[in-house]
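Report on the following structure.
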Amino acid sequence: MTLAFYALLFVIVAPVFGGLLAGADRIVTARMQSRVGPPLLQPFYDVGKLFQKQSRLLNPIQEPLLLGHVVMMAATGAMMVSGTDLILVTFVFALASLLLVLAAGSAYSPYSFAGAERELIVLLASEPFFILMMAAICKVTDASTFGAVLASPTWVAFQLPGILIAFLMVATIKLRKSPFDISTSHHAHQELVSGLTSDMSGRLLAYVELAHWYESALLCGFAVLLFNWSIPLGIGAFLVAYAAEVLVDNVTSRAKWQLVLRSTWVATLLFAGGNVLALFVVGR
Amino acid sequence: MSFFSKSPWIFHYDASSCNGCDIEVLACLTPFYDLERFGIVNTGNPKHADILLITGSVNERNIEIVQNLYRQMPDPKVVVAVGACACSGGIFARAYNIQGGVDKVVPVDVYVPGCAARPESIIDGVVQGIAALEQKRKKTA
Amino acid sequence: MKKTIIPFGPQHPVLPEPLVLDLILDDEKVIDAVPTIGYIHRGLEMMVERVEYTEMGFVVERICGICSFMHGMGYAVSLESIMNVEVPERAKWLRLIWAEISRVQSHLLWLGLGADAFGFENLFMHCWRMREEVLDIFEKTTGGRIIHSVNRIGGVKRDVSDSELAAILARLQELAKAFEETARIFASDPSIAHRLGGVGVLSAADALETAAVGPMARASGIRTDTRLYGANLYDQIEFEPVVETAGDCLARAVVRMREIPQSIDIVRQAIEKMPKGEGLPLENKPRGNPVGETFTRLEQPRGEVLYYVKANGTKYLERFRARTPTFANIPAMIKLVKGCDLADVPNIILTIDPCISCTER
Amino acid sequence: MDREPFLARVEGYHKGGWRLALINAASVLTADEAEQGAVDVTWAFARDAEFEHIRERIMPGDEVPSISPSFSAAFLYENEMRELFGLNVTGINVDLQGQLYKTSQKVPFSPSAIRARLEANAAAGIASATMPVAGAPAHGAAKPAAIAPAAAPAPAASKPGAAE
Amino acid sequence: MSSLISFLIAFPLLIGTLLLFTWWPKVRNLIVVASCVAVAAVSIATVIQFGNGNGVFFGLPGGVEPGAALIVSEIAMTAFVVAISIYNRRFFAPVLALIQLGIALYLELAGKLPEADPQRLFWFDRLSMVMVLVVGIIGPLICINAIGYMRDYHRSSPMVKGRRNVFFSLLFIFLAGMFGLVASNYLPMMLVFWEVTTLCSFLLIGYSRTDETIGYAFRALNMNLIGGVGFSVAIALLAEQPNGLDLAMLTSGPVSGVLLLAVALLALAGITKSAQMPFSSWLLGAMYAPSPTSALLHSSTMVKAGVFLLLRLSPAMAGSSVGYLVAFVGLLTFLFVSLVAGTEENLKKVLAYSTIGSLGLIGGCAGIGTPELVWAGVMIIIFHAMAKGLLFLTVGTLENRLYTKNIENFDALLSLMPRVSVLMLVGIAGMFIAPFGIVIAKWAAIRAFLAVPGIAGAALVTIMAFGSSLTIFYWGKLLIKIMSARRQSDYERSIERRISWYEWLSEAPLAIGVIAATLLIGPLSDNVVGPWATAAFSAAPRTFLTMDPAALLIMMAAVVFLPAVAYWSWRHPNYDHADFYASGRSTNNAHVMGMALGGIHRVSLRGYYLSGVLDGTLVFNAGTLACAATLLAMVTAGVVAR
């Protein structure tokens, strides 16, 4: 019963958290660019407006896919906090991301398609890390669920420094920040126009945004797993990491897909893989 | 209550402007004027946009483009003609390839004068565009 | 084998102006690029039929809103050459100062747009904030931010007082200092090096073959600059054109960035060398109608611009033609786009600093 | 025009390290019956401060050989001449198939189009340039020999055009 | 029991012989359909009779000795291989075949071969049961599909001489071989069935008799014979050990010494048959065979014989260096072929790579050998057999309608051929989407690898992380292509109506099977796979059911809910056919856009193949080298153990 309550809590709180985070992000970004920036609640206004706007589909299958994207994103988080096996969570997470790729790709217009293919590449780039991260967390705590990791006396972050470093890098992909925002970004001026959202309008775009909020909250949940001795500390660590991402977003240009794939894989192998290796060799 | 007044997303197309007004539209986004204060985002994509800013007058070749972009914007939508050329053809009205103002091709809701239009007047034009957007929404709702 | 076709332009957020390319891609490698333009073609050259030569200058200024001043100047210089008008010295100096300031303005604008295209929004914002300073100077001295209308056949319309000039210089030098920091970041950022370094390499031989001009050619190691040939008082200025040899996008960016402080230095020299005082003559009005033809070469921010004017003794010119730097640089750009990555296309297009409304007139 | 000597001269510039500066066409507005419909084409080349040009008078129906085999950048000018002046330029390396500019008036810069526009203006009472009338010395004669680039106080390098 | 198994072996053999001389298509179709029904029915009957029992042993009816029959079959098959090789001027295969025959004759004539226990010739347990169901249900479905497929195949390839009697005959002989193989307990008998499947595969790959396919056929023959030689040597070694030739006894627990070497050699045979690197290239060549062949032999059943053997050997090699090395061959293969699959645009080859990868995964599970891992391995066998069989059959259907196997030509398949596409989507989902069995198995495998200590464990987990992600990439690309929709012309819409009933009747049950198995994964695990793993290792696997009922429920809901929503919105297209964004150019919803130089063009989009980052050939060769080295180390480890 309590587990179901946590799941429900995630479904309700996560978008609020994600939306506020996005709003704060825009203000901080604006300040870094010597601007004032929009109000904190701007992301909510935007999504509200998108729901009021006309939605035009290129392909009837787009809408269920995008709905599925939101639902699966929410379900991933809900499953995680309600005690589903963490490695299985990463598989569901990948499925949720894949649905966005399919929604964009099924529009089959040049920019959406290129955006979808690029998103597939960043999915390919980021997924090994998440599996490795979860495997490592499970290994050090000898637990398999969110609750069990939090209850574990092992302080995960101290044992997984390599994973922490790689997390910062791979989270850039999931948060759609420069230099890894190759498939779409929150800034207009890029070679792929709006990338995979190029042909989405109205509520379709709102779904993407909503799912992104869930995704941010989910990543925050991952951070809590890494800083498992205190939930506030985990959230705090995530906010610090997010601030770092915003800074990086502002001081780098967008990378090319080849570099994204290569560098993420190398980081995953070197830092996450190295860390896992150390765990297996030195560990219990 | 509608969210349109809090989140009008703009989209800019250069019909056949001399660049002057285009640059001023872009300047509106930059620190001196910072349109994002009002929740305005330059989307670069008609499918995301609420307000279409057109600079320059239309010529034979871009009539089709302007119409396509306008059609691809989801409702409700507003067109703001920025600068003398977009309003009437401006100084180029006498050139052989110029058809005249943008309103010959798509319905224009707000006219922003000037050669080149100043950022202040462009911002004012967008704000008037928001009012038009609200009205259109009421009509369709 | 099947290829991806990406319709790049006419409306595309990295291009403030419509340029059209059909990009034929394999993965993201550009196999072929089919270009076309014509979306801003107004036919303003033919407006000489209906606009008298005395007023044509206002039309010419509006060939382009970025190099507006230089276009006005080029028109005036052409007509002065045909009609043998001697321009007062202070007016010539003022023209030179404005020309160099508009180079600074244009380069800052370009740098911002370029940064935006490769996903560096912060740099975009900061460049454009600096550019507002320059626009302020223009507004103070000419009354317009973008279109200035101070050139007349035979001189300039208004004076700038000596004290004002000193203040402008101080402001510009402050700007140069602030810009130094930006340039340092630009040069040291690895992500910029990744996006621009080694991308779109134009060899010196190719630059000559494709008739590239201005910073585009200078970045490929060709020491070409119309200002070197001494007209318009440049013979009294000490400067050495900025030349880079790498020929890639980064080199083109660096050339323009190094030209900003250089232009500010030229402004300083000009202010030192120009005749001082109030009420000096600014304009010698031409008499009668022009007869004859001439070519005029000027160094715009984007490179060499060529004007051809043919007058037949009536108040209407017979033929006016502007060959703008972008027109000359487009062949090189198309050559570079083939074989690059899709993500490089915006960088290559933007590092030629395209001005399509100049090109199509 | 004489095709072979022309192309040989162009190739000479190419070999000499000259850059193609401009190809310019200008409709010849004249009352002279023999010259009706003619277009002057100028090929200008630059090498640092030096600036030279070749000028040919193209009569209606004449073929203009493309110089793009020597100067590959010529294609933009040549496509433009073909579209705006209706010149028959042959052998362009990048043939844009008449899609460079899409104008509402076809070949708007051609002598006949100019004549038509000017006559229409006159009929409508719009102030505009006028076509020269035979026998009336309304227009001063252009002095083509005096062309020199204004920017460069050109040394003796500037050769007269071939057509003169 | 014994009579049912004997029927399953003898009946298809008989029908196969009969079909060889049946030249009349209608009669042949009738015989094929009737015998397929019979085979399926008897398979089910066998399983029902087996009930919930643990492994049972039995002999031929009447306690017949197989000895003479085996040696005769070996001589016959060797003679056939030698004859056909010499006819085609290939000389490597006959050498291998003669070596094999030499070993067999030596053992027989020197009297080294101990007498087989006539009551322990066959071994039927839950693993055999799974395999019998796979062979006995999926096999006949594919045979039925082949009726429709081959008709269209010969229509679209008039150059190929029609020898459909041979084709169907071989399919049935193959089924007989498979039944014998999965039920064998006496190793020399298993070898004979093993060689039967090798020969059938060889003949079917070379069906069209072009130079190209004959080359591929011989490549397959050579590589499988290498495994066969390994098998024979293993038998020779085991012949001197007490009860060595009794598979059940051999694999009742960890082995050492000569037995371990023999196990290593048997594993080599398993690795060649399941086309693990360095032997993968034969399976890629086999993709030139007609698609039902690919479905039956090269994905659903025959290559499964290899991993079936590895799973059988799992208790024997678990924990030994041989076991680890087998696991690494499998997982390295999984990783490398997954990399290569992302750079391949021939769909049949992508399916082949995916098959090799899945088999590698099973091999990896078998090599490490814990109850959880073999549980995962059997799960993969079940889901893979159905999903991949289905995919190959649908590709065959598409191939005969669209005349292409290239992924890039499958644009808008969902609106072009909605029914086939849905079948295909089910197959793809079965291969890599979350609630379907293979993903569950992968997850269980990662969990189990976490418990493996030392560098090996870290490497296995890391390989799994990368390999699983790569599958998302290549399947995702295909899904994008299939799901893109556009308006169809009437001609295009008529294509699907020309698909024969044979094809629908075989593909639809497979799709239903994939979904049913997913929904019934709990009972499947509790009653079949779990108990088998428990019996094999004398320890119960910790399966996901004991860990996570809630997750299962959520995902099951997704399996039902998402497609339902998709179907609903597909049928209620209350959307306006918007035109797509093409930088302001004119476009329309028939996917046409304006071009720079005027005119219009159909949208042309090509997926990404990672060119510039991954070179498929290079990766393939690297994988082959790495796996060859591992394999060498494996055999060496066996030799050292001796």
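Following the order of the structure tokens, chains are lettered A, B, ..., residues in each are numbered from 1, and ligands are numbered from 1.
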
Q) Contacts of Asp22 of chain C at 10 Å or less, counting only C-alpha atoms, minus same-chain residues fewer than 3 places along, as number ranges by chain? A) C: 5-9, 25, 30, 32-36; E: 594-597

Identify all chain C residues at most 7 Å from chain A by counting only C-alpha atoms; ligands do not count. Present them as a short mmCIF file (atom, residue, chain, number, x, y, z; two decimals) with C-alpha atoms, in the first residue's frame.
data_model
loop_
_atom_site.label_atom_id
_atom_site.label_comp_id
_atom_site.auth_asym_id
_atom_site.auth_seq_id
_atom_site.Cartn_x
_atom_site.Cartn_y
_atom_site.Cartn_z
CA ILE C 6 17.34 17.61 -46.44
CA HIS C 12 15.78 27.96 -41.62
CA PRO C 13 16.61 29.27 -38.18
CA VAL C 14 20.36 29.33 -38.70
CA ASP C 116 24.24 30.69 -32.21
CA ALA C 117 24.49 28.35 -35.16
CA PHE C 118 26.91 26.03 -33.42
CA GLY C 119 24.91 26.10 -30.23
CA PHE C 120 26.79 28.66 -28.15
CA GLU C 121 23.90 30.89 -27.10
CA ASN C 122 25.83 32.69 -24.43
CA MET C 125 24.08 37.17 -26.40
CA HIS C 126 27.35 38.74 -25.33
CA SER C 191 34.04 22.71 -28.00
CA ILE C 192 34.46 25.58 -30.44
CA ARG C 195 33.02 22.52 -34.22
CA ALA C 343 26.25 19.76 -38.55
CA PRO C 346 25.57 26.05 -40.79
#

Q: Starting from chain B, keep only residues with some atom at most 8 Å from an atom of chain C, counting only C-alpha atoms, and report them as number ranges by chain.
A: B: 13-23, 27, 30-32, 44-45, 59, 61-62, 65, 91-92, 94-98, 115-116

Q: Fewer than 3 positions away in the same chain doesn't count, so skip those; otherwise give me all residues within 8 Å of segment 506-517 of chain E, counting only C-alpha atoms, as a PyMOL selection string.
A: chain E and resi 138+141-142+144-145+383+386-387+389-390+393-394+423+426-427+430+436-437+502-503+520-521+524

Include C-alpha atoms and write out the residues we just selected as a JSON list (two decimals), in the first residue's frame.
[["chain", "number", "residue", "atom", "x", "y", "z"],
["E", 138, "ILE", "CA", 7.01, -23.74, -35.07],
["E", 141, "LEU", "CA", 4.00, -23.66, -39.21],
["E", 142, "ILE", "CA", 7.06, -22.70, -41.19],
["E", 144, "ILE", "CA", 3.03, -24.47, -44.22],
["E", 145, "ASN", "CA", 4.29, -20.95, -44.81],
["E", 383, "PHE", "CA", 10.88, -16.26, -27.17],
["E", 386, "MET", "CA", 8.80, -17.61, -31.97],
["E", 387, "ALA", "CA", 9.73, -13.99, -32.51],
["E", 389, "GLY", "CA", 10.68, -17.29, -36.82],
["E", 390, "LEU", "CA", 7.85, -14.82, -37.21],
["E", 393, "LEU", "CA", 8.48, -15.38, -42.29],
["E", 394, "THR", "CA", 7.18, -11.82, -42.55],
["E", 423, "LEU", "CA", 2.88, -9.10, -37.24],
["E", 426, "VAL", "CA", 4.96, -8.10, -32.58],
["E", 427, "GLY", "CA", 8.08, -9.98, -33.62],
["E", 430, "GLY", "CA", 9.32, -9.78, -28.77],
["E", 436, "PHE", "CA", 8.56, -9.38, -23.62],
["E", 437, "GLY", "CA", 10.50, -12.39, -22.57],
["E", 502, "TYR", "CA", -0.65, -20.33, -46.12],
["E", 503, "GLU", "CA", 1.32, -17.33, -45.03],
["E", 520, "LEU", "CA", 1.86, -16.42, -19.47],
["E", 521, "ILE", "CA", 5.47, -15.94, -18.57],
["E", 524, "LEU", "CA", 5.81, -20.82, -18.02]]

Q: Kindly determine which residues of chain C lie within 7 Å of chain D, considering only C-alpha atoms, and give the answer as a ChimeraX atom specification.
A: /C:36-38,41,49-50,78,81,208-211,224,229-231,291-298,312-314,316,319,323,331

Q: Could the residues of chain B within 8 Å of chain E, counting only C-alpha atoms, be given as a count of residues only, please?
A: 7

Q: One decimal, Å: what's the distance from atom CA of Val156 of chain A over to atom CA of Ala136 of chain A, could you say?
A: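 Value for the atom CA of Val156 of chain A-atom CA of Ala136 of chain A distance: 9.1 Å.
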